[in-house]
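So this block is final24.cif, mmCIF, C-alpha atoms:
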```cif
data_model
#
loop_
_atom_site.label_atom_id
_atom_site.label_comp_id
_atom_site.auth_asym_id
_atom_site.auth_seq_id
_atom_site.Cartn_x
_atom_site.Cartn_y
_atom_site.Cartn_z
CA MET I 1 74.89 105.25 103.26
CA GLU I 2 74.69 108.49 105.19
CA LYS I 3 77.14 111.29 104.69
CA ASP I 4 80.53 110.76 106.41
CA GLN I 5 79.90 111.49 110.07
CA ALA I 6 83.54 112.20 110.96
CA ASP I 7 82.73 115.93 111.17
CA HIS I 8 79.88 115.23 113.61
CA PRO I 9 81.38 112.95 116.25
CA ALA I 10 78.63 113.72 118.75
CA HIS I 11 76.09 112.10 116.41
CA ALA I 12 78.29 109.30 115.10
CA ALA I 13 77.04 105.75 115.58
CA PRO I 14 79.45 102.86 115.12
CA VAL I 15 78.91 100.99 111.88
CA ARG I 16 80.08 97.42 111.35
CA LEU I 17 81.90 97.03 108.04
CA ALA I 18 83.21 93.92 106.32
CA PHE I 19 85.90 94.11 103.66
CA ARG I 20 86.93 91.49 101.14
CA VAL I 21 90.73 91.51 101.21
CA SER I 22 93.33 90.37 98.67
CA TYR I 23 97.05 90.05 99.28
CA HIS I 24 100.21 88.65 97.77
CA GLY I 25 101.57 86.63 100.65
CA SER I 26 105.26 86.32 99.76
CA SER I 27 106.33 89.23 101.99
CA PHE I 28 104.01 88.45 104.89
CA PHE I 29 104.69 86.23 107.90
CA GLY I 30 101.11 84.98 107.63
CA SER I 31 97.84 86.82 108.12
CA GLN I 32 97.52 86.82 111.92
CA MET I 33 99.13 89.68 113.83
CA GLN I 34 102.19 88.71 115.88
CA ALA I 35 104.80 90.37 118.05
CA SER I 36 107.45 90.25 115.33
CA GLY I 37 107.12 89.91 111.60
CA ARG I 38 105.02 91.69 109.00
CA THR I 39 101.44 90.36 108.82
CA VAL I 40 98.29 91.15 106.86
CA GLU I 41 96.28 91.82 110.00
CA GLY I 42 98.99 94.11 111.33
CA GLU I 43 99.09 96.13 108.11
CA PHE I 44 95.29 96.34 108.00
CA ILE I 45 95.05 97.63 111.57
CA ALA I 46 97.87 100.12 111.00
CA ALA I 47 96.12 101.47 107.89
CA CYS I 48 92.86 101.91 109.82
CA GLN I 49 94.68 103.72 112.63
CA ARG I 50 96.34 106.12 110.18
CA LEU I 51 92.85 106.93 108.92
CA SER I 52 91.63 107.44 112.51
CA LEU I 53 88.89 104.86 112.01
CA PHE I 54 89.33 103.80 115.65
CA GLU I 55 91.72 104.24 118.55
CA ASP I 56 91.80 100.70 119.89
CA TRP I 57 91.53 97.83 117.41
CA ARG I 58 90.24 95.53 120.13
CA LYS I 59 87.33 97.83 120.98
CA ALA I 60 86.68 98.16 117.24
CA ASN I 61 86.42 94.34 117.11
CA VAL I 62 88.80 93.97 114.18
CA GLN I 63 88.46 90.36 113.11
CA PHE I 64 89.58 88.22 110.17
CA ALA I 65 87.79 85.20 108.76
CA GLY I 66 90.78 82.94 109.25
CA ARG I 67 94.52 82.53 109.32
CA THR I 68 96.75 81.93 106.36
CA ASP I 69 100.34 80.73 106.70
CA ARG I 70 103.48 82.57 105.72
CA GLY I 71 103.65 82.94 101.94
CA VAL I 72 99.98 82.09 101.29
CA HIS I 73 97.98 84.49 99.10
CA ALA I 74 94.32 85.53 99.14
CA ILE I 75 91.59 87.02 97.02
CA GLY I 76 88.83 85.98 99.42
CA GLN I 77 89.95 86.92 102.92
CA VAL I 78 87.34 88.79 104.97
CA ALA I 79 88.05 91.45 107.61
CA ALA I 80 85.55 93.28 109.78
CA LEU I 81 85.69 96.37 111.98
CA SER I 82 83.40 98.84 113.70
CA THR I 83 83.93 102.54 113.09
CA ASP I 84 82.27 105.93 113.47
CA SER I 85 83.58 106.90 110.01
CA PRO I 86 82.34 104.25 107.58
CA GLU I 87 82.41 106.50 104.51
CA ARG I 88 86.02 107.43 105.12
CA ALA I 89 86.91 103.78 105.61
CA ILE I 90 85.33 102.73 102.31
CA ARG I 91 86.69 105.68 100.37
CA THR I 92 90.28 105.66 101.58
CA ILE I 93 91.24 102.24 102.97
CA ASN I 94 93.21 101.33 99.84
CA THR I 95 95.21 104.56 100.01
CA GLN I 96 96.74 103.45 103.30
CA LEU I 97 97.19 99.72 102.75
CA PRO I 98 100.56 98.62 101.31
CA PRO I 99 100.69 97.76 97.58
CA ASP I 100 100.70 94.00 98.25
CA CYS I 101 97.43 94.14 100.23
CA TRP I 102 94.18 95.72 99.07
CA CYS I 103 90.40 95.58 99.49
CA THR I 104 88.16 94.64 96.57
CA GLY I 105 84.73 94.89 98.17
CA TYR I 106 82.83 96.04 101.23
CA ALA I 107 79.49 95.49 102.94
CA VAL I 108 77.64 96.99 105.88
CA VAL I 109 76.95 94.07 108.22
CA PRO I 110 75.09 93.56 111.52
CA PRO I 111 76.87 94.70 114.72
CA ALA I 112 77.43 91.11 115.82
CA PHE I 113 78.99 90.02 112.52
CA HIS I 114 82.12 87.90 112.98
CA PRO I 115 83.80 86.85 109.70
CA ARG I 116 85.21 83.67 111.21
CA TYR I 117 82.07 82.33 112.85
CA ASP I 118 79.69 83.62 110.15
CA ALA I 119 81.66 81.89 107.40
CA GLY I 120 79.60 78.94 106.20
CA LYS I 121 82.32 77.64 103.91
CA ARG I 122 85.75 78.47 102.56
CA THR I 123 87.41 77.70 99.25
CA TYR I 124 91.12 77.35 98.52
CA ARG I 125 92.99 76.85 95.28
CA TYR I 126 96.41 75.29 95.09
CA TYR I 127 98.34 75.85 91.84
CA PHE I 128 100.96 73.20 91.08
CA ALA I 129 104.37 74.46 89.94
CA GLU I 130 104.59 71.83 87.20
CA LEU I 131 101.88 70.26 85.07
CA PRO I 132 101.30 66.69 86.31
CA ALA I 133 100.85 63.93 83.77
CA GLY I 134 97.69 62.47 85.26
CA ILE I 135 95.33 65.40 85.86
CA GLU I 136 92.23 63.30 85.19
CA THR I 137 93.44 60.68 87.68
CA MET I 138 94.08 63.42 90.24
CA ASP I 139 90.56 64.75 89.71
CA ARG I 140 89.04 61.34 90.38
CA ALA I 141 91.20 60.95 93.47
CA ALA I 142 90.22 64.43 94.72
CA ILE I 143 86.55 63.42 94.87
CA LYS I 144 87.49 60.93 97.61
CA PHE I 145 88.04 63.87 99.96
CA VAL I 146 84.37 64.90 99.74
CA GLY I 147 82.46 64.16 102.93
CA ASN I 148 83.30 64.10 106.62
CA HIS I 149 86.71 62.51 107.14
CA ASN I 150 89.53 62.22 109.64
CA PHE I 151 92.35 64.39 108.24
CA THR I 152 94.95 63.39 110.84
CA ASN I 153 97.33 62.28 108.09
CA PHE I 154 96.80 65.50 106.13
CA ALA I 155 97.34 68.20 108.72
CA ARG I 156 98.93 69.42 111.92
CA ILE I 157 96.27 68.55 114.48
CA GLU I 158 97.79 69.78 117.77
CA GLY I 159 94.79 68.86 119.89
CA ARG I 160 92.11 69.95 117.39
CA ASN I 161 89.25 67.83 116.16
CA PRO I 162 90.75 66.06 113.11
CA TYR I 163 87.39 65.60 111.38
CA ARG I 164 86.47 68.10 108.68
CA THR I 165 83.63 68.19 106.15
CA VAL I 166 84.77 68.76 102.57
CA LEU I 167 81.93 69.97 100.34
CA ALA I 168 83.69 69.84 96.97
CA ALA I 169 87.11 69.01 95.57
CA ARG I 170 88.42 68.93 92.03
CA VAL I 171 91.61 69.16 89.98
CA ALA I 172 91.50 71.11 86.72
CA ARG I 173 93.67 73.00 84.24
CA GLU I 174 93.91 76.73 83.63
CA ASP I 175 96.35 78.63 81.39
CA GLY I 176 98.86 75.79 81.35
CA PHE I 177 98.66 75.16 85.11
CA ALA I 178 96.90 72.48 87.11
CA TYR I 179 95.16 73.40 90.34
CA LEU I 180 93.34 71.77 93.21
CA GLU I 181 90.18 73.58 94.28
CA VAL I 182 88.63 72.47 97.56
CA THR I 183 85.67 73.84 99.51
CA ALA I 184 85.00 72.91 103.13
CA GLU I 185 83.20 74.20 106.18
CA SER I 186 86.59 74.68 107.84
CA PHE I 187 90.20 73.57 107.44
CA LEU I 188 93.05 72.35 109.60
CA TRP I 189 96.56 73.76 109.56
CA HIS I 190 98.37 72.68 106.34
CA GLN I 191 95.38 70.57 105.27
CA VAL I 192 95.05 71.84 101.70
CA ARG I 193 98.80 71.77 101.09
CA CYS I 194 99.01 68.16 102.33
CA MET I 195 96.04 67.24 100.13
CA ALA I 196 97.93 68.79 97.22
CA THR I 197 101.01 66.68 98.03
CA ALA I 198 98.95 63.47 98.08
CA LEU I 199 97.23 64.27 94.80
CA LEU I 200 100.48 65.23 93.10
CA ARG I 201 101.88 61.80 93.98
CA VAL I 202 98.84 60.27 92.29
CA GLY I 203 99.24 62.50 89.25
CA ASN I 204 102.93 61.62 88.88
CA GLY I 205 102.28 57.90 89.17
CA GLU I 206 103.97 57.58 92.56
CA ALA I 207 100.76 56.48 94.28
CA LEU I 208 97.41 54.94 93.34
CA GLU I 209 94.05 56.70 93.53
CA SER I 210 93.23 54.36 96.41
CA SER I 211 96.07 55.89 98.45
CA ILE I 212 93.73 58.76 99.33
CA ASP I 213 91.25 56.31 100.88
CA ASP I 214 94.11 54.63 102.72
CA LEU I 215 95.34 57.90 104.21
CA LEU I 216 91.83 58.95 105.24
CA THR I 217 91.15 55.67 107.04
CA ALA I 218 94.58 54.62 108.32
CA GLU I 219 95.68 55.19 111.88
CA ALA I 220 97.65 58.33 112.55
CA VAL I 221 101.12 58.33 111.09
CA ARG I 222 103.46 61.22 110.39
CA PRO I 223 101.49 63.76 108.27
CA LEU I 224 102.44 64.29 104.67
CA GLN I 225 104.92 67.03 103.86
CA PRO I 226 102.82 70.06 102.85
CA ALA I 227 103.30 71.43 99.34
CA PRO I 228 105.07 74.83 99.16
CA ALA I 229 102.96 77.73 100.44
CA GLU I 230 103.59 79.87 97.35
CA GLY I 231 101.00 77.94 95.31
CA LEU I 232 98.10 78.39 97.75
CA ILE I 233 95.36 81.03 97.48
CA LEU I 234 92.46 81.60 99.86
CA TRP I 235 89.96 81.83 97.04
CA ASP I 236 86.69 82.64 98.78
CA THR I 237 85.09 82.96 102.21
CA ASP I 238 81.32 82.67 102.07
CA CYS I 239 79.84 84.75 104.91
CA GLY I 240 76.53 85.31 103.15
CA VAL I 241 77.64 88.85 102.30
CA ARG I 242 76.82 90.72 99.09
CA TRP I 243 79.94 92.69 98.22
CA ILE I 244 79.96 96.20 96.79
CA PRO I 245 83.13 96.63 94.67
CA VAL I 246 86.02 98.79 95.86
CA PRO I 247 88.67 99.93 93.34
CA ALA I 248 91.99 98.21 94.09
CA GLY I 249 94.02 101.38 93.63
CA GLU I 250 96.85 102.34 91.31
CA ARG I 251 99.64 101.29 93.69
CA SER I 252 98.44 97.71 93.91
CA SER I 253 97.89 97.54 90.14
CA ARG I 254 101.46 98.73 89.56
CA PHE I 255 102.75 96.23 92.12
CA LEU I 256 101.07 93.31 90.34
CA LYS I 257 102.27 94.42 86.91
CA GLU I 258 105.83 94.74 88.18
CA LEU I 259 105.56 91.34 89.85
CA VAL I 260 104.53 89.71 86.57
CA ARG I 261 107.28 91.56 84.68
CA HIS I 262 109.93 90.50 87.18
CA HIS I 263 109.00 86.83 87.19
CA THR I 264 108.68 86.73 83.40
CA LEU I 265 112.20 88.15 83.17
CA MET I 266 113.54 85.69 85.77
CA ALA I 267 112.00 82.78 83.85
CA LYS I 268 113.81 83.97 80.69
CA ILE I 269 117.11 84.37 82.52
CA GLY I 270 116.69 80.94 84.11
CA ASN I 271 116.27 79.37 80.68
CA VAL I 272 119.33 81.20 79.36
CA LEU I 273 121.45 80.01 82.28
CA LYS I 274 120.54 76.33 81.85
#
```
Represent the structure from my file as structure tokens, please.
Amino acid sequence: MEKDQADHPAHAAPVRLAFRVSYHGSSFFGSQMQASGRTVEGEFIAACQRLSLFEDWRKANVQFAGRTDRGVHAIGQVAALSTDSPERAIRTINTQLPPDCWCTGYAVVPPAFHPRYDAGKRTYRYYFAELPAGIETMDRAAIKFVGNHNFTNFARIEGRNPYRTVLAARVAREDGFAYLEVTAESFLWHQVRCMATALLRVGNGEALESSIDDLLTAEAVRPLQPAPAEGLILWDTDCGVRWIPVPAGERSSRFLKELVRHHTLMAKIGNVLK
């Protein structure tokens, strides 16, 4: 990339940048900017403004690949912006973002790039708080989600098309935890968390594998109660972009280490207080 053009504004040409964004969602009221409440998008725009990457975020076409609910985490969110100072953006973005939000990669993309509409598929992982007894049964049941189905009973529809195409779904174990991993072209509100609820019932013996087929084909009833947001991670957004790594920064590394230390201590104290 050319030398930072911030010192030569007369010759600066806007460059479209995409960033791969991670965040710990517990302290955010979701990803989408709103009038009240701390959001990922709001923090990202504020960081860019402090760096004088643009004056008006709308004219800079700041866009995110999708929305995540309050408390949901991400390692594969994608944000895009246009700026006259691309080198500064790449070099310093993580110095201005809060510790619980950071960029891990960047790419120079075409001027018309839109992370939402250019995303061919998205992947989420849902980590279950407790290890279910029937993980293999859950995995077999998860495969039933693959294909184009009516997810009315698994989501808040609110006038949207209830049909979604799931490309892959599986349940597996990792480090003593079970997780649901699902990839789709797009998702409905609460869809993955409701899928997790249905599969957990199967894994705990409260429902048969065939209950997934029943819910996918039955007429609309009250949607399942979504599983808690704290277990959900936006794992990947595939926009056909080749990411160049960006160091996360010392503040975010310290934040994550302290988070692990705190929760390890709370788990010990919880066991002592039983």
TODO: Evaluate the PyMOL selection byres ((chain I and resi 165) around 10) here and jot the selected residues down as a VMD selection string.
DONE: chain I and resid 121 145 to 151 163 to 164 166 to 168 183 to 187
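Our summary of the geometry notes that atom CA of I:Val21 is positioned 28.0 Å from atom CA of I:Asn161.
Atom pair atom CA of I:Ala172 / atom CA of I:Arg193: separated by 16.1 Å.
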Q. Near stretch 47-57 of chain I, counting all atoms listed in the file, which residues have an atom at most 10 Å away, once you skip same-chain residues fewer than 3 positions from it, shown as a count of residues only?
A. 25
Given the file above and the PyMOL selection byres ((chain I and resi 250) around 12), which residues are selected, and can you give them as a JSON list (two decimals) with C-alpha atoms, keeping the file's coordinate frame?
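out.json, freshly written:
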```json
[["chain", "number", "residue", "atom", "x", "y", "z"],
["I", 94, "ASN", "CA", 93.21, 101.33, 99.84],
["I", 95, "THR", "CA", 95.21, 104.56, 100.01],
["I", 97, "LEU", "CA", 97.19, 99.72, 102.75],
["I", 98, "PRO", "CA", 100.56, 98.62, 101.31],
["I", 99, "PRO", "CA", 100.69, 97.76, 97.58],
["I", 100, "ASP", "CA", 100.70, 94.00, 98.25],
["I", 102, "TRP", "CA", 94.18, 95.72, 99.07],
["I", 247, "PRO", "CA", 88.67, 99.93, 93.34],
["I", 248, "ALA", "CA", 91.99, 98.21, 94.09],
["I", 249, "GLY", "CA", 94.02, 101.38, 93.63],
["I", 251, "ARG", "CA", 99.64, 101.29, 93.69],
["I", 252, "SER", "CA", 98.44, 97.71, 93.91],
["I", 253, "SER", "CA", 97.89, 97.54, 90.14],
["I", 254, "ARG", "CA", 101.46, 98.73, 89.56],
["I", 255, "PHE", "CA", 102.75, 96.23, 92.12],
["I", 256, "LEU", "CA", 101.07, 93.31, 90.34],
["I", 257, "LYS", "CA", 102.27, 94.42, 86.91]]
```
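Those residues that approach I:His24 to within 8 Å, counting all atoms listed in the file, are I:Ser22, I:Ser26, I:Ser27, I:Gly71, I:Val72, I:His73, I:Ala74, I:Asp100, I:Cys101; same-chain residues fewer than 2 positions away are not listed.
Excluding I:Ala129 itself and same-chain residues fewer than 5 positions from it, the residues having an atom within 10 Å of it are Phe177, Ala178, Tyr179, Ala227, Pro228, Glu230 and Gly231 of chain I, counting all atoms listed in the file.
One distance worth recording is that between atom CA of I:Ile75 and atom CA of I:Val40, which is 12.6 Å.
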From the list I:Ala218, I:Leu131, I:Ile269, I:Cys103, the nearest residue to I:Glu174 using only C-alpha atoms is I:Leu131
May I have the protein, DNA and RNA residues with any atom at most 9 Å from the point (80.7, 89.9, 100.6), counting all atoms listed in the file, written as a compact mmCIF listing (two decimals) with C-alpha atoms, in the coordinates of the input?
```txt
# COMPACT_ATOMS: atom_id res chain seq x y z
CA ALA I 18 83.21 93.92 106.32
CA PHE I 19 85.90 94.11 103.66
CA ARG I 20 86.93 91.49 101.14
CA VAL I 78 87.34 88.79 104.97
CA GLY I 105 84.73 94.89 98.17
CA TYR I 106 82.83 96.04 101.23
CA ALA I 107 79.49 95.49 102.94
CA THR I 237 85.09 82.96 102.21
CA ASP I 238 81.32 82.67 102.07
CA CYS I 239 79.84 84.75 104.91
CA GLY I 240 76.53 85.31 103.15
CA VAL I 241 77.64 88.85 102.30
CA ARG I 242 76.82 90.72 99.09
CA TRP I 243 79.94 92.69 98.22
CA ILE I 244 79.96 96.20 96.79
```
### Message
With the PyMOL selection byres ((chain I and resi 116) around 8) as the selection, what would be picked from this file? Answer as a ChimeraX atom specification, please.
### Response
/I:63-66,114-115,117-119
Closest of I:Glu158, I:Val246, I:Leu224, I:Gly30 to I:Arg91, counting all atoms listed in the file, is I:Val246
Using all atoms listed in the file, the shortest atom-to-atom distance to I:Ala169 among I:Ala155, I:Gly25, I:Arg125, I:Ala133 belongs to I:Arg125
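Distance check against I:Gly203 using only C-alpha atoms: of I:Leu232, I:Leu180, I:Ile135, I:Ala267, the minimum falls on I:Ile135.
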Show me, as a PDB file with C-alpha atoms, in the coordinates of the input, the residues that have an atom within 10 Å of I:Gln225 when counting all atoms listed in the file, minus same-chain residues fewer than 3 positions from it.
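Output file part-v9.pdb is given in full below:
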```pdb
ATOM      1  CA  ASN I 153      97.330  62.280 108.090  1.00  0.00           C
ATOM      2  CA  PHE I 154      96.800  65.500 106.130  1.00  0.00           C
ATOM      3  CA  ALA I 155      97.340  68.200 108.720  1.00  0.00           C
ATOM      4  CA  HIS I 190      98.370  72.680 106.340  1.00  0.00           C
ATOM      5  CA  ARG I 193      98.800  71.770 101.090  1.00  0.00           C
ATOM      6  CA  CYS I 194      99.010  68.160 102.330  1.00  0.00           C
ATOM      7  CA  MET I 195      96.040  67.240 100.130  1.00  0.00           C
ATOM      8  CA  ALA I 196      97.930  68.790  97.220  1.00  0.00           C
ATOM      9  CA  THR I 197     101.010  66.680  98.030  1.00  0.00           C
ATOM     10  CA  ALA I 198      98.950  63.470  98.080  1.00  0.00           C
ATOM     11  CA  ARG I 222     103.460  61.220 110.390  1.00  0.00           C
ATOM     12  CA  PRO I 228     105.070  74.830  99.160  1.00  0.00           C
TER      13      PRO I 228
END
```
Quick one: axis-aligned box around all listed atoms of stretch 213-227 of chain I, 4 Å on every side, centre and edge lengths in Å to one decimal, written as JSON.
```
{"center_x": 98.0, "center_y": 63.0, "center_z": 105.9, "size_x": 21.8, "size_y": 24.8, "size_z": 21.2}
```
Taking N, CA and C atoms as the atom set, what does stretch 86-122 of chain I look like once completed, written as a compact mmCIF listing (two decimals), keeping the file's coordinate frame?
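Written file, selection-v1.txt:
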```txt
# COMPACT_ATOMS: atom_id res chain seq x y z
N PRO I 86 82.40 105.30 108.61
CA PRO I 86 82.34 104.25 107.58
C PRO I 86 82.64 104.76 106.18
N GLU I 87 82.16 105.97 105.85
CA GLU I 87 82.41 106.50 104.51
C GLU I 87 83.90 106.70 104.26
N ARG I 88 84.58 107.23 105.26
CA ARG I 88 86.02 107.43 105.12
C ARG I 88 86.73 106.09 104.93
N ALA I 89 86.29 105.10 105.71
CA ALA I 89 86.91 103.78 105.61
C ALA I 89 86.77 103.22 104.20
N ILE I 90 85.58 103.28 103.65
CA ILE I 90 85.33 102.73 102.31
C ILE I 90 86.10 103.51 101.25
N ARG I 91 86.10 104.82 101.39
CA ARG I 91 86.69 105.68 100.37
C ARG I 91 88.21 105.64 100.35
N THR I 92 88.83 105.44 101.50
CA THR I 92 90.28 105.66 101.58
C THR I 92 91.10 104.48 102.07
N ILE I 93 90.47 103.35 102.40
CA ILE I 93 91.24 102.24 102.97
C ILE I 93 92.39 101.81 102.06
N ASN I 94 92.16 101.79 100.75
CA ASN I 94 93.21 101.33 99.84
C ASN I 94 94.33 102.35 99.65
N THR I 95 94.12 103.57 100.09
CA THR I 95 95.21 104.56 100.01
C THR I 95 96.23 104.36 101.11
N GLN I 96 95.85 103.63 102.16
CA GLN I 96 96.74 103.45 103.30
C GLN I 96 97.29 102.02 103.41
N LEU I 97 96.66 101.08 102.76
CA LEU I 97 97.19 99.72 102.75
C LEU I 97 98.43 99.65 101.87
N PRO I 98 99.38 98.75 102.16
CA PRO I 98 100.56 98.62 101.31
C PRO I 98 100.18 98.07 99.93
N PRO I 99 101.04 98.20 98.94
CA PRO I 99 100.69 97.76 97.58
C PRO I 99 100.37 96.27 97.47
N ASP I 100 100.93 95.44 98.35
CA ASP I 100 100.70 94.00 98.25
C ASP I 100 99.51 93.53 99.08
N CYS I 101 98.65 94.47 99.49
CA CYS I 101 97.43 94.14 100.23
C CYS I 101 96.38 95.19 99.88
N TRP I 102 95.19 94.77 99.47
CA TRP I 102 94.18 95.72 99.07
C TRP I 102 92.78 95.13 99.25
N CYS I 103 91.79 96.00 99.35
CA CYS I 103 90.40 95.58 99.49
C CYS I 103 89.71 95.65 98.13
N THR I 104 88.87 94.66 97.85
CA THR I 104 88.16 94.64 96.57
C THR I 104 86.65 94.77 96.73
N GLY I 105 86.15 94.74 97.96
CA GLY I 105 84.73 94.89 98.17
C GLY I 105 84.42 95.21 99.63
N TYR I 106 83.24 95.75 99.86
CA TYR I 106 82.83 96.04 101.23
C TYR I 106 81.34 95.74 101.38
N ALA I 107 80.91 95.66 102.64
CA ALA I 107 79.49 95.49 102.94
C ALA I 107 79.24 96.03 104.34
N VAL I 108 78.09 96.62 104.55
CA VAL I 108 77.64 96.99 105.88
C VAL I 108 76.96 95.76 106.47
N VAL I 109 77.42 95.33 107.64
CA VAL I 109 76.95 94.07 108.22
C VAL I 109 76.38 94.33 109.61
N PRO I 110 75.66 93.38 110.18
CA PRO I 110 75.09 93.56 111.52
C PRO I 110 76.18 93.76 112.57
N PRO I 111 75.88 94.43 113.68
CA PRO I 111 76.87 94.70 114.72
C PRO I 111 77.55 93.45 115.27
N ALA I 112 76.87 92.33 115.27
CA ALA I 112 77.43 91.11 115.82
C ALA I 112 78.20 90.27 114.79
N PHE I 113 78.33 90.79 113.58
CA PHE I 113 78.99 90.02 112.52
C PHE I 113 80.42 89.66 112.90
N HIS I 114 80.76 88.39 112.74
CA HIS I 114 82.12 87.90 112.98
C HIS I 114 82.52 87.08 111.75
N PRO I 115 83.50 87.53 110.97
CA PRO I 115 83.80 86.85 109.70
C PRO I 115 84.24 85.40 109.86
N ARG I 116 84.80 85.06 111.00
CA ARG I 116 85.21 83.67 111.21
C ARG I 116 84.01 82.78 111.48
N TYR I 117 83.17 83.19 112.43
CA TYR I 117 82.07 82.33 112.85
C TYR I 117 80.87 82.42 111.91
N ASP I 118 80.78 83.50 111.12
CA ASP I 118 79.69 83.62 110.15
C ASP I 118 80.04 83.02 108.80
N ALA I 119 81.25 82.51 108.66
CA ALA I 119 81.66 81.89 107.40
C ALA I 119 81.09 80.48 107.32
N GLY I 120 80.20 80.25 106.36
CA GLY I 120 79.60 78.94 106.20
C GLY I 120 80.51 77.96 105.49
N LYS I 121 81.37 78.48 104.63
CA LYS I 121 82.32 77.64 103.91
C LYS I 121 83.46 78.49 103.37
N ARG I 122 84.56 77.82 103.10
CA ARG I 122 85.75 78.47 102.56
C ARG I 122 86.26 77.66 101.39
```
